[in-house]
$ cat start10.pdb   # PDB, C-alpha atoms and all ligand atoms
MODEL        1
ATOM      1  CA  MET A1469     -17.651-117.025  80.803
ATOM      2  CA  ASN A1470     -16.773-113.833  78.928
ATOM      3  CA  THR A1471     -16.639-114.356  75.144
ATOM      4  CA  VAL A1472     -15.895-111.702  72.515
ATOM      5  CA  ALA A1473     -15.817-111.733  68.702
ATOM      6  CA  LEU A1474     -12.976-110.210  66.692
ATOM      7  CA  ILE A1475     -13.744-109.501  63.036
ATOM      8  CA  VAL A1476     -10.649-108.786  60.958
ATOM      9  CA  ALA A1477     -11.556-106.372  58.158
ATOM     10  CA  ALA A1478      -8.270-104.547  57.569
ATOM     11  CA  GLY A1479      -7.377-106.136  54.219
ATOM     12  CA  LYS A1480      -7.294-104.477  50.809
ATOM     13  CA  GLY A1481      -9.410-107.044  49.000
ATOM     14  CA  GLU A1482      -7.079-106.918  45.992
ATOM     15  CA  ARG A1483      -8.122-110.224  44.448
ATOM     16  CA  ALA A1484     -11.811-109.284  44.622
ATOM     17  CA  GLY A1485     -11.282-106.128  42.535
ATOM     18  CA  GLY A1486     -14.092-103.581  42.651
ATOM     19  CA  THR A1487     -14.114 -99.934  43.620
ATOM     20  CA  LEU A1488     -14.454-100.491  47.381
ATOM     21  CA  PRO A1489     -12.431-102.848  49.601
ATOM     22  CA  LYS A1490     -14.516-106.036  49.565
ATOM     23  CA  GLN A1491     -15.578-105.767  53.234
ATOM     24  CA  PHE A1492     -17.644-102.707  52.295
ATOM     25  CA  ALA A1493     -19.003-104.023  48.987
ATOM     26  CA  LEU A1494     -22.744-104.610  49.114
ATOM     27  CA  ILE A1495     -24.174-108.106  49.379
ATOM     28  CA  ALA A1496     -27.952-108.000  49.021
ATOM     29  CA  GLY A1497     -27.875-104.294  49.799
ATOM     30  CA  ARG A1498     -25.773-104.542  52.945
ATOM     31  CA  PRO A1499     -21.992-104.093  53.321
ATOM     32  CA  MET A1500     -20.311-107.502  53.607
ATOM     33  CA  LEU A1501     -18.873-106.617  57.026
ATOM     34  CA  ALA A1502     -22.332-105.714  58.343
ATOM     35  CA  TRP A1503     -23.607-109.286  57.917
ATOM     36  CA  SER A1504     -21.127-110.953  60.261
ATOM     37  CA  TYR A1505     -21.173-107.952  62.618
ATOM     38  CA  ALA A1506     -24.948-108.279  63.024
ATOM     39  CA  ALA A1507     -24.755-112.043  63.545
ATOM     40  CA  PHE A1508     -22.269-111.699  66.393
ATOM     41  CA  ALA A1509     -23.985-108.631  67.876
ATOM     42  CA  LYS A1510     -27.306-110.461  68.217
ATOM     43  CA  ASN A1511     -25.829-113.691  69.589
ATOM     44  CA  PRO A1512     -26.533-113.914  73.336
ATOM     45  CA  ARG A1513     -23.258-115.733  74.046
ATOM     46  CA  ILE A1514     -21.096-112.933  72.555
ATOM     47  CA  GLU A1515     -20.589-109.960  74.857
ATOM     48  CA  ARG A1516     -18.639-107.626  72.585
ATOM     49  CA  VAL A1517     -17.713-107.374  68.905
ATOM     50  CA  ILE A1518     -14.316-105.868  68.024
ATOM     51  CA  VAL A1519     -13.708-104.859  64.393
ATOM     52  CA  ALA A1520     -10.170-104.297  63.061
ATOM     53  CA  ILE A1521      -9.946-101.997  60.064
ATOM     54  CA  ALA A1522      -7.072-100.426  58.131
ATOM     55  CA  GLU A1523      -5.854 -97.022  59.231
ATOM     56  CA  ASP A1524      -6.708 -95.498  55.838
ATOM     57  CA  GLN A1525     -10.234 -96.993  55.830
ATOM     58  CA  GLN A1526     -11.637 -95.131  58.830
ATOM     59  CA  ARG A1527     -13.656 -92.740  56.701
ATOM     60  CA  LEU A1528     -15.048 -95.611  54.629
ATOM     61  CA  THR A1529     -15.956 -97.463  57.824
ATOM     62  CA  ALA A1530     -17.783 -94.471  59.313
ATOM     63  CA  GLU A1531     -19.675 -94.112  56.036
ATOM     64  CA  HIS A1532     -20.623 -97.779  55.549
ATOM     65  CA  MET A1533     -20.799 -98.996  59.180
ATOM     66  CA  PRO A1534     -22.097 -95.962  61.078
ATOM     67  CA  GLY A1535     -21.947 -96.260  64.844
ATOM     68  CA  VAL A1536     -19.615 -99.267  64.865
ATOM     69  CA  ALA A1537     -16.520 -98.820  67.046
ATOM     70  CA  THR A1538     -13.299-100.065  65.474
ATOM     71  CA  ILE A1539      -9.630-100.607  66.225
ATOM     72  CA  THR A1540      -6.737-100.221  63.794
ATOM     73  CA  GLY A1541      -5.509-103.442  62.172
ATOM     74  CA  GLY A1542      -2.064-104.148  60.742
ATOM     75  CA  THR A1543      -0.384-104.819  57.413
ATOM     76  CA  THR A1544      -0.938-108.595  57.658
ATOM     77  CA  ARG A1545      -3.925-110.588  58.880
ATOM     78  CA  ARG A1546      -1.792-111.842  61.748
ATOM     79  CA  ALA A1547      -0.981-108.247  62.771
ATOM     80  CA  SER A1548      -4.667-107.333  62.603
ATOM     81  CA  VAL A1549      -5.510-110.259  64.891
ATOM     82  CA  ALA A1550      -2.728-109.220  67.277
ATOM     83  CA  SER A1551      -4.215-105.700  67.500
ATOM     84  CA  GLY A1552      -7.553-107.218  68.399
ATOM     85  CA  LEU A1553      -6.044-109.520  71.033
ATOM     86  CA  ALA A1554      -4.419-106.479  72.641
ATOM     87  CA  ALA A1555      -7.763-104.651  72.713
ATOM     88  CA  MET A1556      -9.907-107.304  74.414
ATOM     89  CA  GLY A1557      -8.797-106.781  78.009
ATOM     90  CA  ASP A1558      -9.648-109.696  80.291
ATOM     91  CA  ALA A1559     -11.961-111.550  77.897
ATOM     92  CA  GLU A1560     -11.620-115.289  78.417
ATOM     93  CA  ARG A1561     -12.690-116.575  74.988
ATOM     94  CA  VAL A1562     -12.515-115.103  71.511
ATOM     95  CA  LEU A1563     -13.993-116.009  68.141
ATOM     96  CA  ILE A1564     -11.688-114.659  65.420
ATOM     97  CA  HIS A1565     -13.494-114.166  62.139
ATOM     98  CA  ASP A1566     -12.801-112.997  58.562
ATOM     99  CA  ALA A1567     -15.067-110.160  57.421
ATOM    100  CA  ALA A1568     -14.804-111.908  54.053
ATOM    101  CA  ARG A1569     -17.115-114.710  55.312
ATOM    102  CA  PRO A1570     -20.423-112.866  55.715
ATOM    103  CA  PHE A1571     -22.846-115.549  56.847
ATOM    104  CA  ILE A1572     -22.442-116.942  60.345
ATOM    105  CA  THR A1573     -25.093-118.973  62.105
ATOM    106  CA  ASP A1574     -25.788-119.277  65.806
ATOM    107  CA  ALA A1575     -25.338-123.045  65.433
ATOM    108  CA  VAL A1576     -21.690-122.658  64.376
ATOM    109  CA  ILE A1577     -21.071-120.184  67.209
ATOM    110  CA  ASP A1578     -22.577-122.661  69.698
ATOM    111  CA  ARG A1579     -20.455-125.566  68.430
ATOM    112  CA  LEU A1580     -17.254-123.511  68.671
ATOM    113  CA  ILE A1581     -17.878-122.104  72.149
ATOM    114  CA  ASP A1582     -18.974-125.496  73.498
ATOM    115  CA  ALA A1583     -15.813-127.149  72.119
ATOM    116  CA  LEU A1584     -13.642-124.743  74.146
ATOM    117  CA  ASP A1585     -14.725-126.600  77.303
ATOM    118  CA  ASN A1586     -12.277-129.331  76.297
ATOM    119  CA  ALA A1587      -9.718-127.624  74.038
ATOM    120  CA  ASP A1588      -7.553-124.503  73.693
ATOM    121  CA  GLY A1589      -9.101-123.773  70.317
ATOM    122  CA  ALA A1590     -11.850-124.910  67.947
ATOM    123  CA  VAL A1591     -12.223-124.466  64.198
ATOM    124  CA  PRO A1592     -15.114-125.173  61.793
ATOM    125  CA  VAL A1593     -14.240-127.614  59.020
ATOM    126  CA  LEU A1594     -15.877-129.083  55.934
ATOM    127  CA  PRO A1595     -15.049-132.404  54.303
ATOM    128  CA  ILE A1596     -13.177-132.409  50.997
ATOM    129  CA  VAL A1597     -15.408-133.968  48.358
ATOM    130  CA  ASP A1598     -13.238-133.565  45.255
ATOM    131  CA  THR A1599     -10.394-135.831  44.208
ATOM    132  CA  LEU A1600      -6.984-134.290  44.961
ATOM    133  CA  VAL A1601      -3.956-134.374  42.662
ATOM    134  CA  SER A1602      -0.554-132.629  42.896
ATOM    135  CA  THR A1603       0.886-130.629  39.981
ATOM    136  CA  ASP A1604       3.177-133.506  38.989
ATOM    137  CA  GLY A1605       0.178-135.795  38.589
ATOM    138  CA  THR A1606       0.533-137.712  41.841
ATOM    139  CA  SER A1607      -2.797-138.632  43.406
ATOM    140  CA  VAL A1608      -3.227-137.341  46.966
ATOM    141  CA  SER A1609      -5.592-139.113  49.331
ATOM    142  CA  ARG A1610      -8.294-136.869  50.759
ATOM    143  CA  GLU A1611      -8.689-139.291  53.656
ATOM    144  CA  GLY A1612      -8.489-137.371  56.931
ATOM    145  CA  LEU A1613      -8.214-133.932  55.252
ATOM    146  CA  HIS A1614     -10.535-130.986  55.903
ATOM    147  CA  ARG A1615     -11.136-127.435  54.665
ATOM    148  CA  VAL A1616     -10.815-124.979  57.535
ATOM    149  CA  GLN A1617     -13.093-121.943  57.910
ATOM    150  CA  THR A1618     -13.540-119.098  60.382
ATOM    151  CA  PRO A1619     -14.683-118.120  63.001
ATOM    152  CA  GLN A1620     -11.895-119.821  64.945
ATOM    153  CA  ALA A1621     -12.464-119.908  68.700
ATOM    154  CA  PHE A1622      -9.746-119.811  71.342
ATOM    155  CA  ARG A1623      -9.097-119.390  74.990
ATOM    156  CA  VAL A1624      -7.636-115.894  74.979
ATOM    157  CA  ASP A1625      -4.550-116.807  77.030
ATOM    158  CA  SER A1626      -3.670-119.593  74.540
ATOM    159  CA  ILE A1627      -4.022-117.492  71.394
ATOM    160  CA  ARG A1628      -2.186-114.544  72.964
ATOM    161  CA  ARG A1629       0.758-116.776  73.868
ATOM    162  CA  ALA A1630       0.713-118.344  70.398
ATOM    163  CA  HIS A1631       0.900-114.926  68.714
ATOM    164  CA  ALA A1632       3.648-113.734  71.061
ATOM    165  CA  GLU A1633       5.828-116.787  70.461
ATOM    166  CA  TRP A1634       5.193-117.402  66.743
ATOM    167  CA  ARG A1635       8.446-117.358  64.753
ATOM    168  CA  GLY A1636       7.303-119.182  61.617
ATOM    169  CA  ALA A1637       6.339-117.942  58.167
ATOM    170  CA  GLU A1638       3.123-115.928  57.788
ATOM    171  CA  PRO A1639       0.406-118.332  58.962
ATOM    172  CA  THR A1640      -2.790-118.888  56.954
ATOM    173  CA  ASP A1641      -4.910-119.201  60.078
ATOM    174  CA  ASP A1642      -4.680-118.740  63.838
ATOM    175  CA  ALA A1643      -5.144-122.359  64.862
ATOM    176  CA  GLN A1644      -1.805-123.429  63.401
ATOM    177  CA  MET A1645      -0.032-121.071  65.818
ATOM    178  CA  VAL A1646      -1.801-122.604  68.808
ATOM    179  CA  ARG A1647      -0.980-126.141  67.611
ATOM    180  CA  ALA A1648       2.681-125.155  67.144
ATOM    181  CA  LEU A1649       2.885-124.558  70.904
ATOM    182  CA  GLY A1650       1.318-127.934  71.612
ATOM    183  CA  GLY A1651      -2.169-126.509  72.183
ATOM    184  CA  SER A1652      -5.241-128.593  71.382
ATOM    185  CA  VAL A1653      -7.573-127.456  68.594
ATOM    186  CA  ALA A1654     -10.904-129.244  68.184
ATOM    187  CA  LEU A1655     -12.511-129.670  64.768
ATOM    188  CA  VAL A1656     -16.239-128.905  64.679
ATOM    189  CA  GLN A1657     -18.698-129.096  61.812
ATOM    190  CA  GLY A1658     -18.409-126.050  59.533
ATOM    191  CA  ASP A1659     -21.027-124.585  57.211
ATOM    192  CA  PRO A1660     -21.081-124.051  53.408
ATOM    193  CA  MET A1661     -22.551-120.613  54.223
ATOM    194  CA  LEU A1662     -19.134-119.644  55.596
ATOM    195  CA  GLU A1663     -17.334-119.806  52.227
ATOM    196  CA  LYS A1664     -14.944-116.873  51.832
ATOM    197  CA  VAL A1665     -15.494-114.109  49.305
ATOM    198  CA  THR A1666     -12.099-113.850  47.625
ATOM    199  CA  LEU A1667     -12.517-113.412  43.845
ATOM    200  CA  PRO A1668     -14.930-111.186  41.861
ATOM    201  CA  GLY A1669     -17.270-114.096  41.062
ATOM    202  CA  ASP A1670     -17.667-114.957  44.745
ATOM    203  CA  PHE A1671     -20.039-112.022  45.336
ATOM    204  CA  ALA A1672     -22.678-113.576  43.108
ATOM    205  CA  ALA A1673     -22.245-116.901  44.898
ATOM    206  CA  ALA A1674     -22.699-115.150  48.256
ATOM    207  CA  GLU A1675     -25.875-113.404  47.062
ATOM    208  CA  ALA A1676     -27.199-116.761  45.914
ATOM    209  CA  ARG A1677     -26.887-118.047  49.491
ATOM    210  CA  ILE A1678     -28.956-115.190  50.852
ATOM    211  CA  GLY A1679     -31.800-117.420  52.082
ATOM    212  CA  TRP A1680     -29.536-117.395  55.140
ATOM    213  CA  GLU A1681     -31.619-114.755  56.870
ATOM    214  CA  THR A1682     -34.788-116.773  56.722
ATOM    215  CA  ARG A1683     -32.935-119.994  57.531
ATOM    216  CA  THR A1684     -31.695-118.629  60.853
ATOM    217  CA  ALA A1685     -34.804-116.648  61.756
TER     218      ALA A1685
HETATM  219  N1  LIG B1701      -7.210-108.948  56.815
HETATM  220  C1  LIG B1701      -6.916-108.035  57.828
HETATM  221  N2  LIG B1701      -5.710-107.358  57.817
HETATM  222  C2  LIG B1701      -4.833-107.558  56.814
HETATM  223  C3  LIG B1701      -5.123-108.496  55.784
HETATM  224  C4  LIG B1701      -6.336-109.184  55.824
HETATM  225  O1  LIG B1701      -7.722-107.827  58.728
HETATM  226  N3  LIG B1701      -3.703-106.851  56.812
HETATM  227  C5  LIG B1701      -8.532-109.594  56.809
HETATM  228  C6  LIG B1701      -9.348-109.289  55.564
HETATM  229  O2  LIG B1701     -10.001-108.025  55.700
HETATM  230  C7  LIG B1701     -10.278-110.469  55.479
HETATM  231  C8  LIG B1701      -9.498-111.609  56.162
HETATM  232  O3  LIG B1701      -8.372-111.000  56.796
HETATM  233  O4  LIG B1701     -11.499-110.269  56.169
HETATM  234  C9  LIG B1701      -9.057-112.677  55.169
HETATM  235  O5  LIG B1701      -8.140-112.123  54.263
HETATM  236  P1  LIG B1701      -8.326-112.087  52.678
HETATM  237  O6  LIG B1701      -9.524-112.855  52.266
HETATM  238  O7  LIG B1701      -7.002-112.399  52.079
HETATM  239  O8  LIG B1701      -8.701-110.537  52.431
HETATM  240  P2  LIG B1701      -7.805-109.399  51.799
HETATM  241  O9  LIG B1701      -6.419-109.510  52.338
HETATM  242  O10 LIG B1701      -8.538-108.138  52.007
HETATM  243  O11 LIG B1701      -7.862-109.766  50.246
HETATM  244  P3  LIG B1701      -6.637-109.872  49.229
HETATM  245  O12 LIG B1701      -5.662-110.849  49.849
HETATM  246  O13 LIG B1701      -7.253-110.356  47.958
HETATM  247  O14 LIG B1701      -6.070-108.470  49.095
HETATM  248 MG    MG B1702      -5.210-111.235  51.912
ENDMDL
END

$ encode --input "start10.pdb" --output "structure tokens"
Amino acid sequence: MNTVALIVAAGKGERAGGTLPKQFALIAGRPMLAWSYAAFAKNPRIERVIVAIAEDQQRLTAEHMPGVATITGGTTRRASVASGLAAMGDAERVLIHDAARPFITDAVIDRLIDALDNADGAVPVLPIVDTLVSTDGTSVSREGLHRVQTPQAFRVDSIRRAHAEWRGAEPTDDAQMVRALGGSVALVQGDPMLEKVTLPGDFAAAEARIGWETRTA
């Protein structure tokens, strides 16, 4: 079964600040994008890694990720994913991943790919441990709620159809588009290592998790 990874790295990283777009900022001496790229590239179940970058970041990519082939992303995350889906030929399965989540383990990749045997898609989730409250002070039960991470795995035909037929507002992930067409999306156990780097302080938190390399060795 032919499985590819698509890393979307075509954002501007505005909330993270910094001089470089966050996907190129160094985490423990290595560009953030390089961490997830290496994890997919070494995984025996992934045959190809596709990286979507912004048109005006090609020079930066050549400088920080030498030798890595890329495609051009779009002005929204959804458009960047669509570019990747168009570039993966007859691949049967895809893991769509945010470059902003540097640390992926083989265990998460295994859980996602295995779940596709019985579902159109699969997403890694973590339980919510904090109490939830709405702005008006109403308590919200956390029962049955999850935080959703990436990579998100799909049968390529399902996610392609979902992107082609999506008419809703800008989605915050890919799985919601598949569900909107009635597709099944399995929830698998996520990993705290997959937290997204969004704000300036998140870089320090990511560096603090760096035992990752030894943990997966
Ligand atoms: N992304 C993308 N193409 C876009 C926008 C986002 O490929 N047009 C990617 C980002 O590079 C990132 C992932 O989608 O890996 C998640 O997006 P986010 O964390 O919001 O990153 P940015 O959009 O770069 O950050 P910001 O919203 O703060 O500008
Ligand atoms: Mg963004």

$ residues_near_ligand --input "start10.pdb" --ligand "ligand MG 1702 (chain B)" --cutoff "9 Å" --atoms "all atoms listed in the file" --output "PyMOL selection string"
chain A and resi 1479-1483+1544-1545+1666

$ axis_aligned_box --input "start10.pdb" --around "ligand LIG 1701 (chain B)" --padding-each-side "5 Å" --output "JSON"
{"center_x": -7.6, "center_y": -109.9, "center_z": 53.3, "size_x": 17.8, "size_y": 16.0, "size_z": 20.8}

$ residues_near_ligand --input "start10.pdb" --ligand "ligand LIG 1701 (chain B)" --cutoff "8 Å" --atoms "all atoms listed in the file" --output "PyMOL selection string"
chain A and resi 1475-1485+1489-1491+1520-1522+1541-1549+1565-1569+1664-1667

$ residues_near_point --input "start10.pdb" --point "(-20.4, -94.4, 55.2)" --cutoff "12 Å" --atoms "all atoms listed in the file" --output "list in words"
Leu1488, Phe1492, Ala1493, Arg1498, Pro1499, Ala1502, Gln1525, Gln1526, Arg1527, Leu1528, Thr1529, Ala1530, Glu1531, His1532, Met1533, Pro1534, Gly1535 and Val1536 of chain A

$ resolve_selection --input "start10.pdb" --expression "the PyMOL selection byres (((chain A and resi 1647-1655) around 12) and not hetatm)" --output "PyMOL selection string"
chain A and resi 1576+1579-1595+1612-1623+1625-1636+1639+1641-1646+1656-1658

$ closest_residue --input "start10.pdb" --among "A:Glu1638, A:Asp1604, A:Glu1663, A:Asp1574" --to "Pro1512 in chain A" --atoms "all atoms listed in the file"
A:Asp1574

$ closest_residue --input "start10.pdb" --among "A:Ala1637, A:Leu1662, A:Ala1537, A:Ala1559" --to "Trp1503 in chain A" --atoms "all atoms listed in the file"
A:Leu1662

$ closest_residue --input "start10.pdb" --among "A:Thr1540, A:Thr1487, A:Thr1606, A:Ser1551" --to "Ile1564 in chain A" --atoms "all atoms listed in the file"
A:Ser1551

$ atom_distance --input "start10.pdb" --atom1 "CA of Asp1659 in chain A" --atom2 "CA of Val1519 in chain A"
22.2 Å

$ closest_residue --input "start10.pdb" --among "A:Glu1560, A:Asn1511, A:Asp1578, A:Glu1611" --to "Asn1470 in chain A" --atoms "all atoms listed in the file"
A:Glu1560
